[in-house]
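Just coords_21.cif here, mmCIF, C-alpha atoms:
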data_my_file
#
loop_
_atom_site.group_PDB
_atom_site.id
_atom_site.type_symbol
_atom_site.label_atom_id
_atom_site.label_comp_id
_atom_site.auth_asym_id
_atom_site.auth_seq_id
_atom_site.Cartn_x
_atom_site.Cartn_y
_atom_site.Cartn_z
ATOM 1 C CA MET A 1 33.130 -11.847 9.050
ATOM 2 C CA ARG A 2 33.466 -8.520 7.252
ATOM 3 C CA ILE A 3 30.186 -6.601 7.155
ATOM 4 C CA SER A 4 29.820 -3.391 5.187
ATOM 5 C CA VAL A 5 26.916 -1.140 6.192
ATOM 6 C CA LEU A 6 25.744 1.041 3.305
ATOM 7 C CA VAL A 7 24.830 4.491 4.647
ATOM 8 C CA MET A 8 23.017 7.271 2.790
ATOM 9 C CA ASP A 9 21.734 10.790 3.360
ATOM 10 C CA ASP A 10 18.409 10.794 5.248
ATOM 11 C CA LEU A 11 19.412 7.587 7.010
ATOM 12 C CA PHE A 12 17.059 6.297 9.725
ATOM 13 C CA ASP A 13 19.279 6.932 12.755
ATOM 14 C CA SER A 14 17.974 4.193 15.021
ATOM 15 C CA GLY A 15 18.095 1.684 12.163
ATOM 16 C CA LEU A 16 21.831 2.189 11.711
ATOM 17 C CA ALA A 17 22.451 2.280 15.455
ATOM 18 C CA THR A 18 20.446 -0.894 16.028
ATOM 19 C CA VAL A 19 22.388 -2.898 13.449
ATOM 20 C CA LEU A 20 25.725 -1.680 14.799
ATOM 21 C CA ASP A 21 24.768 -2.099 18.463
ATOM 22 C CA VAL A 22 23.457 -5.648 18.065
ATOM 23 C CA LEU A 23 26.540 -6.821 16.190
ATOM 24 C CA GLN A 24 28.886 -5.078 18.615
ATOM 25 C CA MET A 25 27.002 -6.623 21.538
ATOM 26 C CA ALA A 26 27.360 -10.037 19.912
ATOM 27 C CA ASN A 27 31.098 -9.410 19.564
ATOM 28 C CA GLU A 28 31.312 -8.659 23.289
ATOM 29 C CA LEU A 29 29.318 -11.770 24.236
ATOM 30 C CA ARG A 30 31.198 -14.217 21.992
ATOM 31 C CA GLU A 31 33.636 -15.280 24.685
ATOM 32 C CA GLU A 32 30.798 -16.512 26.904
ATOM 33 C CA LEU A 33 30.317 -19.420 24.496
ATOM 34 C CA PRO A 34 32.503 -22.538 24.539
ATOM 35 C CA HIS A 35 32.903 -22.370 20.762
ATOM 36 C CA PRO A 36 32.506 -18.731 19.722
ATOM 37 C CA PRO A 37 32.073 -17.728 16.077
ATOM 38 C CA PRO A 38 34.524 -15.264 14.493
ATOM 39 C CA ARG A 39 34.142 -11.565 15.289
ATOM 40 C CA TRP A 40 32.197 -9.231 13.036
ATOM 41 C CA GLU A 41 34.298 -6.472 11.480
ATOM 42 C CA LEU A 42 31.999 -3.538 10.744
ATOM 43 C CA THR A 43 32.696 -0.889 8.108
ATOM 44 C CA ARG A 44 30.453 1.988 7.051
ATOM 45 C CA VAL A 45 30.483 2.596 3.307
ATOM 46 C CA SER A 46 28.632 5.017 1.044
ATOM 47 C CA GLY A 47 28.388 6.200 -2.506
ATOM 48 C CA ARG A 48 29.916 9.602 -1.761
ATOM 49 C CA GLY A 49 31.831 9.839 1.517
ATOM 50 C CA ALA A 50 30.261 11.280 4.671
ATOM 51 C CA VAL A 51 26.455 11.352 4.873
ATOM 52 C CA ARG A 52 23.921 13.223 7.007
ATOM 53 C CA THR A 53 21.218 11.228 8.766
ATOM 54 C CA ALA A 54 17.547 12.152 8.973
ATOM 55 C CA SER A 55 18.217 13.659 12.427
ATOM 56 C CA GLY A 56 21.158 15.698 11.163
ATOM 57 C CA HIS A 57 24.050 13.577 12.412
ATOM 58 C CA VAL A 58 27.108 13.261 10.190
ATOM 59 C CA VAL A 59 28.301 9.690 9.601
ATOM 60 C CA GLU A 60 31.768 9.188 8.165
ATOM 61 C CA ALA A 61 32.080 6.415 5.572
ATOM 62 C CA GLN A 62 34.535 5.130 3.025
ATOM 63 C CA SER A 63 33.735 4.542 -0.628
ATOM 64 C CA ALA A 64 31.677 1.419 -1.279
ATOM 65 C CA GLY A 65 34.319 0.272 -3.753
ATOM 66 C CA ASP A 66 37.301 0.641 -1.414
ATOM 67 C CA GLY A 67 38.728 -1.875 1.005
ATOM 68 C CA PRO A 68 38.472 -5.669 1.162
ATOM 69 C CA ARG A 69 35.515 -7.497 -0.309
ATOM 70 C CA PRO A 70 32.823 -7.776 2.398
ATOM 71 C CA ASP A 71 31.108 -11.018 3.312
ATOM 72 C CA LEU A 72 27.786 -9.154 3.625
ATOM 73 C CA LEU A 73 26.363 -5.760 2.660
ATOM 74 C CA VAL A 74 23.682 -4.399 5.022
ATOM 75 C CA VAL A 75 21.397 -1.500 4.055
ATOM 76 C CA PRO A 76 19.587 0.219 6.962
ATOM 77 C CA GLY A 77 16.361 2.104 6.284
ATOM 78 C CA ALA A 78 16.679 5.539 4.711
ATOM 79 C CA GLY A 79 14.675 8.150 2.850
ATOM 80 C CA PRO A 80 11.052 9.327 3.133
ATOM 81 C CA LYS A 81 8.561 7.191 5.052
ATOM 82 C CA GLN A 82 5.540 7.679 2.786
ATOM 83 C CA PRO A 83 5.011 5.902 -0.564
ATOM 84 C CA ALA A 84 5.091 8.638 -3.226
ATOM 85 C CA PRO A 85 8.160 10.554 -1.986
ATOM 86 C CA LEU A 86 9.935 7.289 -1.190
ATOM 87 C CA LEU A 87 9.457 5.964 -4.723
ATOM 88 C CA ASP A 88 10.787 9.256 -6.115
ATOM 89 C CA TRP A 89 13.746 9.110 -3.718
ATOM 90 C CA VAL A 90 14.901 5.586 -4.573
ATOM 91 C CA ALA A 91 14.592 6.291 -8.320
ATOM 92 C CA SER A 92 16.358 9.680 -8.184
ATOM 93 C CA PRO A 93 19.717 10.290 -9.921
ATOM 94 C CA GLU A 94 21.223 11.018 -6.498
ATOM 95 C CA ARG A 95 20.688 7.397 -5.494
ATOM 96 C CA GLU A 96 22.445 5.912 -8.514
ATOM 97 C CA PRO A 97 25.736 5.313 -6.606
ATOM 98 C CA GLU A 98 23.860 3.213 -4.041
ATOM 99 C CA ARG A 99 21.852 1.362 -6.695
ATOM 100 C CA GLU A 100 25.064 0.591 -8.554
ATOM 101 C CA ALA A 101 26.757 -0.598 -5.351
ATOM 102 C CA LEU A 102 23.864 -3.008 -4.779
ATOM 103 C CA ARG A 103 23.949 -4.318 -8.352
ATOM 104 C CA ARG A 104 27.712 -4.770 -8.173
ATOM 105 C CA ALA A 105 27.494 -6.633 -4.862
ATOM 106 C CA ARG A 106 24.771 -8.892 -6.224
ATOM 107 C CA ALA A 107 26.814 -9.637 -9.364
ATOM 108 C CA GLU A 108 29.828 -10.511 -7.211
ATOM 109 C CA GLY A 109 27.787 -12.891 -5.088
ATOM 110 C CA ILE A 110 27.943 -10.755 -1.923
ATOM 111 C CA PRO A 111 24.859 -11.432 0.243
ATOM 112 C CA LEU A 112 22.592 -8.445 0.870
ATOM 113 C CA ALA A 113 20.394 -7.521 3.823
ATOM 114 C CA ALA A 114 18.004 -4.571 4.074
ATOM 115 C CA ALA A 115 15.238 -3.304 6.332
ATOM 116 C CA CYS A 116 12.281 -0.962 6.202
ATOM 117 C CA THR A 117 12.321 1.631 3.388
ATOM 118 C CA SER A 118 15.627 0.401 1.981
ATOM 119 C CA THR A 119 13.861 -2.684 0.647
ATOM 120 C CA PHE A 120 12.500 -0.234 -1.950
ATOM 121 C CA LEU A 121 16.057 0.681 -2.917
ATOM 122 C CA LEU A 122 16.934 -2.979 -3.448
ATOM 123 C CA ALA A 123 13.830 -3.431 -5.580
ATOM 124 C CA GLU A 124 14.585 -0.291 -7.609
ATOM 125 C CA ALA A 125 18.120 -1.588 -8.218
ATOM 126 C CA GLY A 126 16.647 -4.816 -9.599
ATOM 127 C CA VAL A 127 18.342 -7.128 -7.103
ATOM 128 C CA LEU A 128 14.998 -8.457 -5.782
ATOM 129 C CA ASP A 129 13.593 -9.447 -9.184
ATOM 130 C CA GLY A 130 12.142 -12.944 -9.035
ATOM 131 C CA LEU A 131 12.661 -13.197 -5.268
ATOM 132 C CA THR A 132 10.389 -13.083 -2.230
ATOM 133 C CA ALA A 133 10.810 -10.113 0.104
ATOM 134 C CA THR A 134 9.119 -8.177 2.868
ATOM 135 C CA THR A 135 8.889 -4.457 3.587
ATOM 136 C CA SER A 136 7.284 -2.009 6.019
ATOM 137 C CA TRP A 137 3.660 -3.088 6.389
ATOM 138 C CA TRP A 138 2.200 0.358 5.581
ATOM 139 C CA LEU A 139 4.235 0.568 2.360
ATOM 140 C CA ALA A 140 3.145 -2.821 1.031
ATOM 141 C CA PRO A 141 0.454 -1.584 -1.425
ATOM 142 C CA ALA A 142 2.891 0.873 -3.041
ATOM 143 C CA PHE A 143 5.669 -1.730 -3.147
ATOM 144 C CA ARG A 144 3.425 -4.320 -4.756
ATOM 145 C CA GLN A 145 2.270 -1.896 -7.436
ATOM 146 C CA ALA A 146 5.741 -0.488 -8.190
ATOM 147 C CA PHE A 147 7.611 -3.802 -8.173
ATOM 148 C CA PRO A 148 5.311 -6.581 -9.435
ATOM 149 C CA GLN A 149 8.364 -8.706 -10.278
ATOM 150 C CA VAL A 150 8.994 -9.181 -6.524
ATOM 151 C CA ALA A 151 6.889 -11.653 -4.545
ATOM 152 C CA LEU A 152 5.929 -9.576 -1.503
ATOM 153 C CA ALA A 153 5.276 -11.277 1.849
ATOM 154 C CA GLU A 154 4.669 -8.199 3.976
ATOM 155 C CA SER A 155 3.175 -10.039 6.940
ATOM 156 C CA HIS A 156 6.598 -11.541 7.673
ATOM 157 C CA MET A 157 9.062 -9.695 9.873
ATOM 158 C CA LEU A 158 11.949 -11.364 8.020
ATOM 159 C CA VAL A 159 12.206 -13.048 4.631
ATOM 160 C CA HIS A 160 15.247 -15.047 3.563
ATOM 161 C CA ALA A 161 15.669 -15.416 -0.214
ATOM 162 C CA PRO A 162 18.749 -16.727 -2.046
ATOM 163 C CA GLY A 163 21.463 -14.177 -1.328
ATOM 164 C CA VAL A 164 19.098 -11.546 0.105
ATOM 165 C CA THR A 165 17.478 -11.045 3.521
ATOM 166 C CA THR A 166 14.802 -8.382 3.960
ATOM 167 C CA ALA A 167 13.124 -7.119 7.130
ATOM 168 C CA GLY A 168 9.948 -5.179 7.847
ATOM 169 C CA ALA A 169 9.220 -1.832 9.410
ATOM 170 C CA ALA A 170 11.538 0.366 11.463
ATOM 171 C CA MET A 171 12.430 -1.703 14.536
ATOM 172 C CA ALA A 172 12.673 -4.823 12.379
ATOM 173 C CA HIS A 173 16.308 -3.698 12.110
ATOM 174 C CA LEU A 174 16.632 -5.467 15.450
ATOM 175 C CA ASP A 175 15.233 -8.702 14.024
ATOM 176 C CA LEU A 176 17.479 -8.354 10.982
ATOM 177 C CA ALA A 177 20.641 -7.880 13.030
ATOM 178 C CA LEU A 178 19.817 -10.838 15.290
ATOM 179 C CA ALA A 179 19.145 -12.957 12.197
ATOM 180 C CA LEU A 180 22.635 -12.115 10.944
ATOM 181 C CA VAL A 181 24.079 -13.242 14.267
ATOM 182 C CA ARG A 182 21.952 -16.383 14.160
ATOM 183 C CA GLN A 183 23.426 -17.368 10.790
ATOM 184 C CA ALA A 184 26.840 -17.609 12.476
ATOM 185 C CA SER A 185 25.718 -18.927 15.864
ATOM 186 C CA PRO A 186 22.139 -19.623 17.049
ATOM 187 C CA ALA A 187 23.430 -19.829 20.622
ATOM 188 C CA LEU A 188 25.038 -16.378 20.397
ATOM 189 C CA ALA A 189 21.890 -14.915 18.828
ATOM 190 C CA ASP A 190 19.774 -16.263 21.699
ATOM 191 C CA LEU A 191 22.249 -14.928 24.259
ATOM 192 C CA THR A 192 22.342 -11.499 22.609
ATOM 193 C CA ALA A 193 18.542 -11.350 22.470
ATOM 194 C CA ARG A 194 18.365 -12.140 26.195
ATOM 195 C CA TYR A 195 20.834 -9.382 27.033
ATOM 196 C CA LEU A 196 18.840 -6.935 24.904
ATOM 197 C CA VAL A 197 15.480 -8.176 26.267
ATOM 198 C CA VAL A 198 14.116 -8.979 22.812
ATOM 199 C CA ASP A 199 11.227 -11.368 22.143
ATOM 200 C CA ASP A 200 10.792 -13.381 18.968
ATOM 201 C CA ARG A 201 8.586 -11.467 16.500
ATOM 202 C CA PRO A 202 8.051 -13.563 13.380
ATOM 203 C CA THR A 203 5.203 -11.498 11.947
ATOM 204 C CA GLN A 204 4.176 -7.881 11.319
ATOM 205 C CA ALA A 205 0.515 -8.875 10.992
ATOM 206 C CA GLY A 206 -0.408 -7.727 14.478
ATOM 207 C CA TYR A 207 1.021 -4.263 13.851
ATOM 208 C CA ALA A 208 -0.711 -3.602 10.543
ATOM 209 C CA ILE A 209 -3.696 -1.250 10.537
ATOM 210 C CA PRO A 210 -6.221 -2.589 7.989
ATOM 211 C CA SER A 211 -8.009 0.747 7.557
ATOM 212 C CA HIS A 212 -4.722 2.472 6.697
ATOM 213 C CA LEU A 213 -3.927 -0.098 4.021
ATOM 214 C CA ALA A 214 -7.454 -0.082 2.615
ATOM 215 C CA ARG A 215 -7.742 3.633 2.017
ATOM 216 C CA THR A 216 -5.172 3.538 -0.781
ATOM 217 C CA ASP A 217 -8.008 2.344 -3.081
ATOM 218 C CA PRO A 218 -11.679 3.508 -2.997
ATOM 219 C CA THR A 219 -13.122 0.052 -3.711
ATOM 220 C CA VAL A 220 -11.013 -1.595 -1.025
ATOM 221 C CA SER A 221 -11.812 1.225 1.406
ATOM 222 C CA ALA A 222 -15.549 0.784 0.785
ATOM 223 C CA PHE A 223 -15.223 -2.967 1.290
ATOM 224 C CA GLU A 224 -13.355 -2.455 4.558
ATOM 225 C CA SER A 225 -16.121 -0.152 5.827
ATOM 226 C CA TRP A 226 -18.799 -2.648 4.811
ATOM 227 C CA VAL A 227 -17.032 -5.508 6.600
ATOM 228 C CA ARG A 228 -16.768 -3.465 9.804
ATOM 229 C CA ALA A 229 -20.481 -2.659 9.634
ATOM 230 C CA HIS A 230 -21.362 -6.361 9.279
ATOM 231 C CA LEU A 231 -18.794 -7.977 11.577
ATOM 232 C CA ASP A 232 -21.295 -10.216 13.337
ATOM 233 C CA GLN A 233 -22.819 -11.553 10.125
ATOM 234 C CA PRO A 234 -21.700 -14.273 7.693
ATOM 235 C CA LEU A 235 -19.532 -12.865 4.904
ATOM 236 C CA ARG A 236 -21.344 -13.079 1.583
ATOM 237 C CA MET A 237 -19.187 -11.762 -1.219
ATOM 238 C CA ALA A 238 -22.139 -11.085 -3.495
ATOM 239 C CA ASP A 239 -23.656 -8.777 -0.858
ATOM 240 C CA ALA A 240 -20.319 -7.067 -0.250
ATOM 241 C CA ALA A 241 -19.674 -6.483 -3.950
ATOM 242 C CA ARG A 242 -23.173 -5.118 -4.454
ATOM 243 C CA ALA A 243 -22.753 -2.754 -1.508
ATOM 244 C CA VAL A 244 -19.497 -1.270 -2.851
ATOM 245 C CA GLY A 245 -20.819 -0.998 -6.409
ATOM 246 C CA ALA A 246 -18.547 -3.562 -8.006
ATOM 247 C CA SER A 247 -18.720 -7.074 -9.361
ATOM 248 C CA GLU A 248 -17.301 -9.887 -7.244
ATOM 249 C CA ARG A 249 -14.482 -10.262 -9.759
ATOM 250 C CA THR A 250 -13.643 -6.548 -9.648
ATOM 251 C CA LEU A 251 -13.640 -6.581 -5.851
ATOM 252 C CA GLN A 252 -11.380 -9.638 -5.836
ATOM 253 C CA ARG A 253 -8.924 -7.956 -8.197
ATOM 254 C CA ALA A 254 -8.910 -4.668 -6.278
ATOM 255 C CA VAL A 255 -8.189 -6.280 -2.908
ATOM 256 C CA ASP A 256 -5.537 -8.556 -4.379
ATOM 257 C CA LYS A 257 -3.834 -5.671 -6.205
ATOM 258 C CA VAL A 258 -3.674 -3.445 -3.134
ATOM 259 C CA LEU A 259 -3.186 -5.975 -0.354
ATOM 260 C CA GLY A 260 -2.013 -9.156 -2.042
ATOM 261 C CA VAL A 261 -4.728 -11.231 -0.350
ATOM 262 C CA SER A 262 -8.288 -12.313 -1.067
ATOM 263 C CA PRO A 263 -11.281 -10.301 0.204
ATOM 264 C CA LEU A 264 -12.030 -13.196 2.568
ATOM 265 C CA ARG A 265 -8.517 -13.040 4.027
ATOM 266 C CA PHE A 266 -8.751 -9.256 4.453
ATOM 267 C CA ALA A 267 -12.134 -9.582 6.167
ATOM 268 C CA GLN A 268 -10.603 -12.146 8.486
ATOM 269 C CA THR A 269 -7.823 -9.679 9.378
ATOM 270 C CA ILE A 270 -10.412 -7.036 10.301
ATOM 271 C CA ARG A 271 -12.373 -9.516 12.400
ATOM 272 C CA LEU A 272 -9.287 -10.670 14.283
ATOM 273 C CA GLU A 273 -8.245 -7.063 14.909
ATOM 274 C CA GLN A 274 -11.624 -6.359 16.508
ATOM 275 C CA ALA A 275 -11.591 -9.630 18.438
ATOM 276 C CA ALA A 276 -8.159 -8.818 19.890
ATOM 277 C CA HIS A 277 -9.444 -5.371 20.905
ATOM 278 C CA LEU A 278 -12.497 -6.839 22.678
ATOM 279 C CA LEU A 279 -10.430 -9.456 24.469
ATOM 280 C CA ARG A 280 -8.035 -6.789 25.763
ATOM 281 C CA THR A 281 -10.649 -4.223 26.797
ATOM 282 C CA THR A 282 -13.774 -6.141 27.913
ATOM 283 C CA ASP A 283 -14.755 -9.062 30.130
ATOM 284 C CA LEU A 284 -16.875 -10.680 27.425
ATOM 285 C CA PRO A 285 -16.493 -14.467 27.278
ATOM 286 C CA THR A 286 -14.475 -15.667 24.308
ATOM 287 C CA GLU A 287 -17.627 -17.302 22.916
ATOM 288 C CA ALA A 288 -19.414 -13.927 22.915
ATOM 289 C CA VAL A 289 -16.418 -12.195 21.308
ATOM 290 C CA ALA A 290 -16.366 -14.850 18.592
ATOM 291 C CA ARG A 291 -20.029 -14.233 17.750
ATOM 292 C CA ARG A 292 -19.506 -10.460 17.677
ATOM 293 C CA VAL A 293 -16.876 -10.842 14.958
ATOM 294 C CA GLY A 294 -18.726 -13.376 12.843
ATOM 295 C CA TYR A 295 -17.468 -16.742 14.100
ATOM 296 C CA GLU A 296 -19.787 -19.475 15.325
ATOM 297 C CA ASN A 297 -17.705 -20.597 18.278
ATOM 298 C CA ALA A 298 -14.709 -19.774 20.440
ATOM 299 C CA SER A 299 -12.570 -22.630 19.131
ATOM 300 C CA THR A 300 -12.602 -21.205 15.588
ATOM 301 C CA LEU A 301 -11.584 -17.778 16.875
ATOM 302 C CA THR A 302 -8.871 -19.220 19.104
ATOM 303 C CA THR A 303 -7.398 -21.231 16.241
ATOM 304 C CA LEU A 304 -7.277 -18.180 13.965
ATOM 305 C CA LEU A 305 -5.766 -15.939 16.656
ATOM 306 C CA ARG A 306 -3.028 -18.463 17.307
ATOM 307 C CA LYS A 307 -2.349 -18.974 13.598
ATOM 308 C CA ARG A 308 -2.453 -15.345 12.481
ATOM 309 C CA LEU A 309 -1.277 -13.400 15.548
ATOM 310 C CA GLY A 310 0.597 -16.031 17.529
ATOM 311 C CA ALA A 311 -1.611 -15.372 20.561
ATOM 312 C CA THR A 312 -4.463 -17.004 22.453
ATOM 313 C CA PRO A 313 -7.458 -15.235 24.060
ATOM 314 C CA GLY A 314 -5.767 -15.770 27.432
ATOM 315 C CA HIS A 315 -2.578 -14.056 26.243
ATOM 316 C CA LEU A 316 -4.562 -11.065 24.995
ATOM 317 C CA ARG A 317 -6.572 -10.758 28.203
ATOM 318 C CA ASN A 318 -3.619 -10.848 30.586
ATOM 319 C CA GLY A 319 -1.229 -8.797 28.453
ATOM 320 C CA THR A 320 1.245 -11.579 27.704
ATOM 321 C CA ALA A 321 0.609 -11.731 23.968
ATOM 322 C CA PRO A 322 3.700 -11.555 21.737
ATOM 323 C CA ALA A 323 4.707 -8.065 20.660
ATOM 324 C CA GLY A 324 2.446 -6.849 17.872
ATOM 325 C CA ALA A 325 -0.382 -9.286 18.572
#

This entry written out as structure tokens:
Amino acid sequence: MRISVLVMDDLFDSGLATVLDVLQMANELREELPHPPPRWELTRVSGRGAVRTASGHVVEAQSAGDGPRPDLLVVPGAGPKQPAPLLDWVASPEREPEREALRRARAEGIPLAAACTSTFLLAEAGVLDGLTATTSWWLAPAFRQAFPQVALAESHMLVHAPGVTTAGAAMAHLDLALALVRQASPALADLTARYLVVDDRPTQAGYAIPSHLARTDPTVSAFESWVRAHLDQPLRMADAARAVGASERTLQRAVDKVLGVSPLRFAQTIRLEQAAHLLRTTDLPTEAVARRVGYENASTLTTLLRKRLGATPGHLRNGTAPAGA
């Protein structure tokens, strides 16, 4: 399989290295399988020759239009890491060669894959319109506002849409690269993951910091503070709306616009975050932890922890919870 890796100035060094290292490791491990898939041929391409990474390394690359047609175009994370400068960066005239390369690949039916901040570049190029995608969890509010034509599922580490695979924040490059291997050979992907000591990480939910997401909007920030102050009490939306100086409808719209979830779902995220903290750092019985975060019994809390974070109270107490939980 021919894979072109689209590189740009301000490239996230470890993102590029991770994609290349995983695929090269898979190439080395192929022969351990009785029926190995074809090798991956990796080529670095760009819109303007050599590029300089965020750490100052020079990466040589050929023109995106030269050479054989690739079977896949991968875009590692690049550019600023905060919303406003990132949006300016992906929309800048300097990025037009990369946007055009993405549009051309999409028109030619070449599958695309991107991680972290480069999901913004795909969205800016229009190749995610009408599709579901993920992005870095802390950039989700800005992504949702800038690209309403994309169905954002930021809690997912990976999202597969027709012809496009997107991955979440930073080290999700690892998940993305293993997913590419898995498309050719699940057995080889599992073997590569074992060699690299990588656990399955299907969600970003456990990594997200609710207070960071909330402070992008004053109403949502006020609601988040109110929920934390009333964790052990039943959630009454009328009381919450009154406390933040908004109608229930306005509160619903604000939370949905910023976070893409209902106020109830966001409150649940905050409660589970606190429950996980208490389970890791105290000896409180699970029943007592449940009451402290507003749930009537331990079974309800356990069910939600397993569903949302992929962990049980026992996992959290003994440190064997999945990464990010």

Open item on the list: Residues near region 151-154 of chain A, anyone? I mean within 9 Å using only C-alpha atoms, not counting same-chain ones fewer than 4 positions away, as a list in words.
Closed with: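 My reading of the contact set: Leu128, Asp129, Gly130, Leu131, Thr132, Ala133, Thr134, Thr135, Ser136, Trp137, Leu139, Ala140, Phe143, Arg144, Phe147, Leu158, Val159, Gly168, Thr203, Gln204, Ala205 and Gly260 of chain A.
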
Dump of C-alpha atoms for the selected residues, as a PDB file, in the frame of the given file:
ATOM      1  CA  LEU A 128      14.998  -8.457  -5.782  1.00  0.00           C
ATOM      2  CA  ASP A 129      13.593  -9.447  -9.184  1.00  0.00           C
ATOM      3  CA  GLY A 130      12.142 -12.944  -9.035  1.00  0.00           C
ATOM      4  CA  LEU A 131      12.661 -13.197  -5.268  1.00  0.00           C
ATOM      5  CA  THR A 132      10.389 -13.083  -2.230  1.00  0.00           C
ATOM      6  CA  ALA A 133      10.810 -10.113   0.104  1.00  0.00           C
ATOM      7  CA  THR A 134       9.119  -8.177   2.868  1.00  0.00           C
ATOM      8  CA  THR A 135       8.889  -4.457   3.587  1.00  0.00           C
ATOM      9  CA  SER A 136       7.284  -2.009   6.019  1.00  0.00           C
ATOM     10  CA  TRP A 137       3.660  -3.088   6.389  1.00  0.00           C
ATOM     11  CA  LEU A 139       4.235   0.568   2.360  1.00  0.00           C
ATOM     12  CA  ALA A 140       3.145  -2.821   1.031  1.00  0.00           C
ATOM     13  CA  PHE A 143       5.669  -1.730  -3.147  1.00  0.00           C
ATOM     14  CA  ARG A 144       3.425  -4.320  -4.756  1.00  0.00           C
ATOM     15  CA  PHE A 147       7.611  -3.802  -8.173  1.00  0.00           C
ATOM     16  CA  LEU A 158      11.949 -11.364   8.020  1.00  0.00           C
ATOM     17  CA  VAL A 159      12.206 -13.048   4.631  1.00  0.00           C
ATOM     18  CA  GLY A 168       9.948  -5.179   7.847  1.00  0.00           C
ATOM     19  CA  THR A 203       5.203 -11.498  11.947  1.00  0.00           C
ATOM     20  CA  GLN A 204       4.176  -7.881  11.319  1.00  0.00           C
ATOM     21  CA  ALA A 205       0.515  -8.875  10.992  1.00  0.00           C
ATOM     22  CA  GLY A 260      -2.013  -9.156  -2.042  1.00  0.00           C
TER      23      GLY A 260
END

TODO: Have a look at A:Leu16, A:Leu42, A:Val22, A:Leu11 and name the one nearest to Ser55 (chain A); count all atoms listed in the file.
DONE: A:Leu11

TODO: Determine the residue set returned by the PyMOL selection byres ((chain A and resi 287) around 10) for the present structure, and present it as a list of chain:residue names.
DONE: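 Residues picked by the PyMOL selection byres ((chain A and resi 287) around 10): A:Leu284, A:Pro285, A:Thr286, A:Ala288, A:Val289, A:Ala290, A:Arg291, A:Arg292, A:Tyr295, A:Glu296, A:Asn297, A:Ala298, A:Ser299, A:Thr300, A:Leu301, A:Thr302.
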
Open item on the list: Report, in Å to a single decimal, how far apart CA of Ala61 (chain A) and CA of Ala17 (chain A) are.
Closed with: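 These two atoms are separated by 14.4 Å.
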
Open item on the list: I'd like to know which of A:Pro70, A:Gly77, A:Val244, A:Val59 is closest to Glu108 (chain A), using only C-alpha atoms.
Closed with: A:Pro70

Open item on the list: If we count only C-alpha atoms and set the cut-off at 8 Å, which residues sit around region 45-52 of chain A, ignoring sequence neighbours fewer than 3 positions away in its own chain? Please answer as a list in words.
Closed with: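 Near neighbours after the sequence-gap exclusion: Ser4, Val5, Leu6, Val7, Met8, Asp9, Asp10, Leu11, Ser55, Gly56, His57, Val58, Val59, Glu60, Ala61, Gln62, Ser63, Ala64, Pro97, Glu98 and Ala101 of chain A.
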
Open item on the list: My list of candidates is A:Val164, A:Val19, A:Leu251, A:Ala222. Which is closest to Met237 (chain A) when distances are computed with only C-alpha atoms?
Closed with: A:Leu251

With a distance cut-off of 8 Å and only C-alpha atoms, select the neighbouring residues of region 262-272 of chain A, excluding the residue or stretch itself and same-chain residues fewer than 5 positions from it, and output the selection as a short mmCIF file (atom, residue, chain, number, x, y, z; two decimals) with C-alpha atoms, in the frame of the given file.
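Saved the output as selection.cif:
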data_model
loop_
_atom_site.label_atom_id
_atom_site.label_comp_id
_atom_site.auth_asym_id
_atom_site.auth_seq_id
_atom_site.Cartn_x
_atom_site.Cartn_y
_atom_site.Cartn_z
CA PRO A 210 -6.22 -2.59 7.99
CA GLU A 224 -13.36 -2.46 4.56
CA VAL A 227 -17.03 -5.51 6.60
CA ARG A 228 -16.77 -3.46 9.80
CA LEU A 231 -18.79 -7.98 11.58
CA LEU A 235 -19.53 -12.86 4.90
CA LEU A 251 -13.64 -6.58 -5.85
CA GLN A 252 -11.38 -9.64 -5.84
CA VAL A 255 -8.19 -6.28 -2.91
CA ASP A 256 -5.54 -8.56 -4.38
CA VAL A 293 -16.88 -10.84 14.96
CA GLY A 294 -18.73 -13.38 12.84
CA LEU A 301 -11.58 -17.78 16.88
CA LEU A 304 -7.28 -18.18 13.96
CA LEU A 305 -5.77 -15.94 16.66
#

- [ ] Mind giving me the straight-line distance from CA of Met171 (chain A) to CA of Phe12 (chain A) in Å, one decimal?
- [x] 10.4 Å

Open item on the list: As an exercise, work out the distance from CA of Asn27 (chain A) to CA of Arg39 (chain A) in Å and give it to one decimal place.
Closed with: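 CA of Arg39 (chain A) lies 5.7 Å from CA of Asn27 (chain A).
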
Task: Expected selection from the PyMOL selection byres ((chain A and resi 28) around 12), given as a list in words - done: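 Expected selection for the PyMOL selection byres ((chain A and resi 28) around 12) here is Asp21, Val22, Leu23, Gln24, Met25, Ala26, Asn27, Leu29, Arg30, Glu31, Glu32, Leu33, Pro36, Pro37, Pro38, Arg39, Trp40, Leu188, Leu191, Thr192 and Tyr195 of chain A.
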
Dump as JSON lines the rows for residues of region 45-82 of chain A within 12 Å of region 173-185 of chain A: closest atom pair and distance in Å with one decimal, only C-alpha atoms counted, ordered by chain and rising residue number.
{"residue": "A:Asp71", "atom": "CA", "partner": "A:Leu180", "partner_atom": "CA", "distance": 11.5}
{"residue": "A:Leu72", "atom": "CA", "partner": "A:Leu180", "partner_atom": "CA", "distance": 9.4}
{"residue": "A:Leu73", "atom": "CA", "partner": "A:Leu180", "partner_atom": "CA", "distance": 11.1}
{"residue": "A:Val74", "atom": "CA", "partner": "A:Ala177", "partner_atom": "CA", "distance": 9.2}
{"residue": "A:Val75", "atom": "CA", "partner": "A:His173", "partner_atom": "CA", "distance": 9.8}
{"residue": "A:Pro76", "atom": "CA", "partner": "A:His173", "partner_atom": "CA", "distance": 7.3}
{"residue": "A:Gly77", "atom": "CA", "partner": "A:His173", "partner_atom": "CA", "distance": 8.2}
{"residue": "A:Ala78", "atom": "CA", "partner": "A:His173", "partner_atom": "CA", "distance": 11.8}
